[in-house]
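Participant: One structure coming up, written as structure tokens, with questions to follow.
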Amino acid sequence: MNKIDELTARHAGDPGAYAGAYLEYLASCFSSLDHEALARFVNLLLSARGSGAAVFFIGNGGSAATASHFANDISIGTRTGDDKPFRAISLTDNVAVMTALANDEGYDRMFVDQLKVQMRDGDSLVAISASGNSPNVIAAVEYAKSRGATIVGLTGFDGGRLKELSDISLHVQTAKGEYGPVEDIHMIFDHLIGSYLNAEVRTRSGKA
């Protein structure tokens, strides 16, 4: 039984107590986070902005929503009107493209085939998967690595294959199946990084 299952069983019928226990557990997950990895991700994004390289985001389910949210917050949330926007692109947003590839080529090729069209030398890939083992995510990561791309992996549980393949690993260590805390913290990464980049861009452009 993972921690979330334990907490729901312990506090059945008492949502207030469960809320407190969930938040307390979520807070405990922060202790194992790698702050240096977060810094490396921020620097990668700033470098990509400087060179005009694209940073692609992928994920399934809740992680697909996180990919879209990340790309929005980095590309649009940091805009200042200058000539160096972040080229953050979520490959989870075009339903027609995704369903065409899933239908014609198979779900496992939904991201890799988009990268084969869009990825250029110097681009990076941010792969988001709680388990770290989603086949379509791993296929895209392996292709991107073959192109020399830097891989940023956002994972949970034991990290799976994605953690092994990542150049920058933003890992949330939890028991298997604890999607809620993992995805909660992935979104905190988004808002932490987005707010920092927004301030940094404003400082560099003289608009702080």
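Chain labels A, B, ... are given in the sequence in which chains occur in the structure tokens; within each chain residues are numbered consecutively from 1, and ligands are likewise numbered from 1 in the order shown.
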Would you mind writing down, as number ranges by chain, each residue of chain A that DSSP on the backbone assigns to strand (DSSP E)?

Facilitator: A: 54-59, 87-90, 124-129, 150-155, 168-171

Participant: Hey, can you spit out that residue selection with C-alpha atoms as a CSV table (one decimal), in the first residue's frame?

Facilitator:
```
chain,number,residue,atom,x,y,z
A,54,ALA,CA,13.3,25.3,-29.3
A,55,VAL,CA,12.4,23.4,-26.1
A,56,PHE,CA,9.8,20.7,-26.7
A,57,PHE,CA,7.5,19.4,-23.9
A,58,ILE,CA,5.7,16.0,-23.9
A,59,GLY,CA,3.7,13.8,-21.6
A,87,ARG,CA,10.5,29.0,-28.0
A,88,ALA,CA,8.7,26.5,-25.7
A,89,ILE,CA,6.5,24.1,-27.6
A,90,SER,CA,4.1,21.5,-26.2
A,124,SER,CA,16.0,20.3,-26.2
A,125,LEU,CA,13.3,17.9,-25.0
A,126,VAL,CA,11.4,18.0,-21.6
A,127,ALA,CA,9.8,14.7,-21.0
A,128,ILE,CA,7.2,14.4,-18.2
A,129,SER,CA,6.2,10.9,-16.9
A,150,THR,CA,19.6,17.6,-24.0
A,151,ILE,CA,16.9,15.7,-22.2
A,152,VAL,CA,15.1,17.0,-19.1
A,153,GLY,CA,13.1,14.3,-17.4
A,154,LEU,CA,10.4,15.0,-14.8
A,155,THR,CA,9.6,11.8,-13.1
A,168,ILE,CA,18.8,16.7,-16.2
A,169,SER,CA,16.6,14.8,-13.8
A,170,LEU,CA,13.9,16.5,-11.8
A,171,HIS,CA,12.8,13.5,-9.8
```

Participant: Quick one: everything within 8 Å of stretch 113-122 of chain A, counting only C-alpha atoms, minus sequence neighbours fewer than 5 positions away in the same chain. Send it as a short mmCIF file (atom, residue, chain, number, x, y, z; two decimals) with C-alpha atoms, in the first residue's frame.

Facilitator:
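Output below, filename part_19.cif:
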```cif
data_model
loop_
_atom_site.label_atom_id
_atom_site.label_comp_id
_atom_site.auth_asym_id
_atom_site.auth_seq_id
_atom_site.Cartn_x
_atom_site.Cartn_y
_atom_site.Cartn_z
CA ALA A 53 16.60 26.97 -29.94
CA ALA A 54 13.27 25.26 -29.28
CA LEU A 91 3.63 18.48 -28.54
CA LEU A 101 -0.30 9.72 -35.70
CA ALA A 140 10.76 10.39 -28.27
CA ALA A 144 16.04 13.22 -29.34
CA ARG A 147 20.01 13.99 -32.41
CA GLY A 148 22.25 15.25 -29.60
CA ALA A 149 19.41 16.99 -27.76
#
```

Participant: Could you tell me which of A:Asn198, A:Ser63, A:Ser146, A:Asn133 comes closest to A:Gly160 if we count only C-alpha atoms?

Facilitator: A:Asn133

Participant: If you run DSSP on the backbone, which residues of chain A are alpha helix (DSSP H), as a ChimeraX atom specification?

Facilitator: /A:3-10,15-29,35-51,62-75,95-104,112-118,135-146,160-165,179-204

Participant: Need to verify the contact set: A:Val182, 8 Å, only C-alpha atoms, exclusion of same-chain residues closer than 5 positions in sequence. Can you return it as a ChimeraX atom specification?

Facilitator: /A:130,155-157,172,174

Participant: Take the selection from the previous step and output its residues with N, CA and C atoms, as a compact mmCIF listing (two decimals), in the first residue's frame.

Facilitator:
```txt
# COMPACT_ATOMS: atom_id res chain seq x y z
N ALA A 130 5.26 10.33 -14.74
CA ALA A 130 5.38 9.93 -13.34
C ALA A 130 6.12 8.60 -13.22
N THR A 155 10.06 13.11 -13.40
CA THR A 155 9.60 11.76 -13.07
C THR A 155 9.13 11.67 -11.63
N GLY A 156 8.57 10.48 -11.30
CA GLY A 156 8.19 10.15 -9.94
C GLY A 156 8.49 8.69 -9.69
N PHE A 157 7.88 8.13 -8.63
CA PHE A 157 8.07 6.72 -8.28
C PHE A 157 9.57 6.41 -8.17
N VAL A 172 10.86 13.19 -8.39
CA VAL A 172 10.09 13.23 -7.14
C VAL A 172 10.00 11.79 -6.64
N THR A 174 8.77 8.81 -4.80
CA THR A 174 7.57 8.37 -4.11
C THR A 174 7.40 6.87 -4.33
```
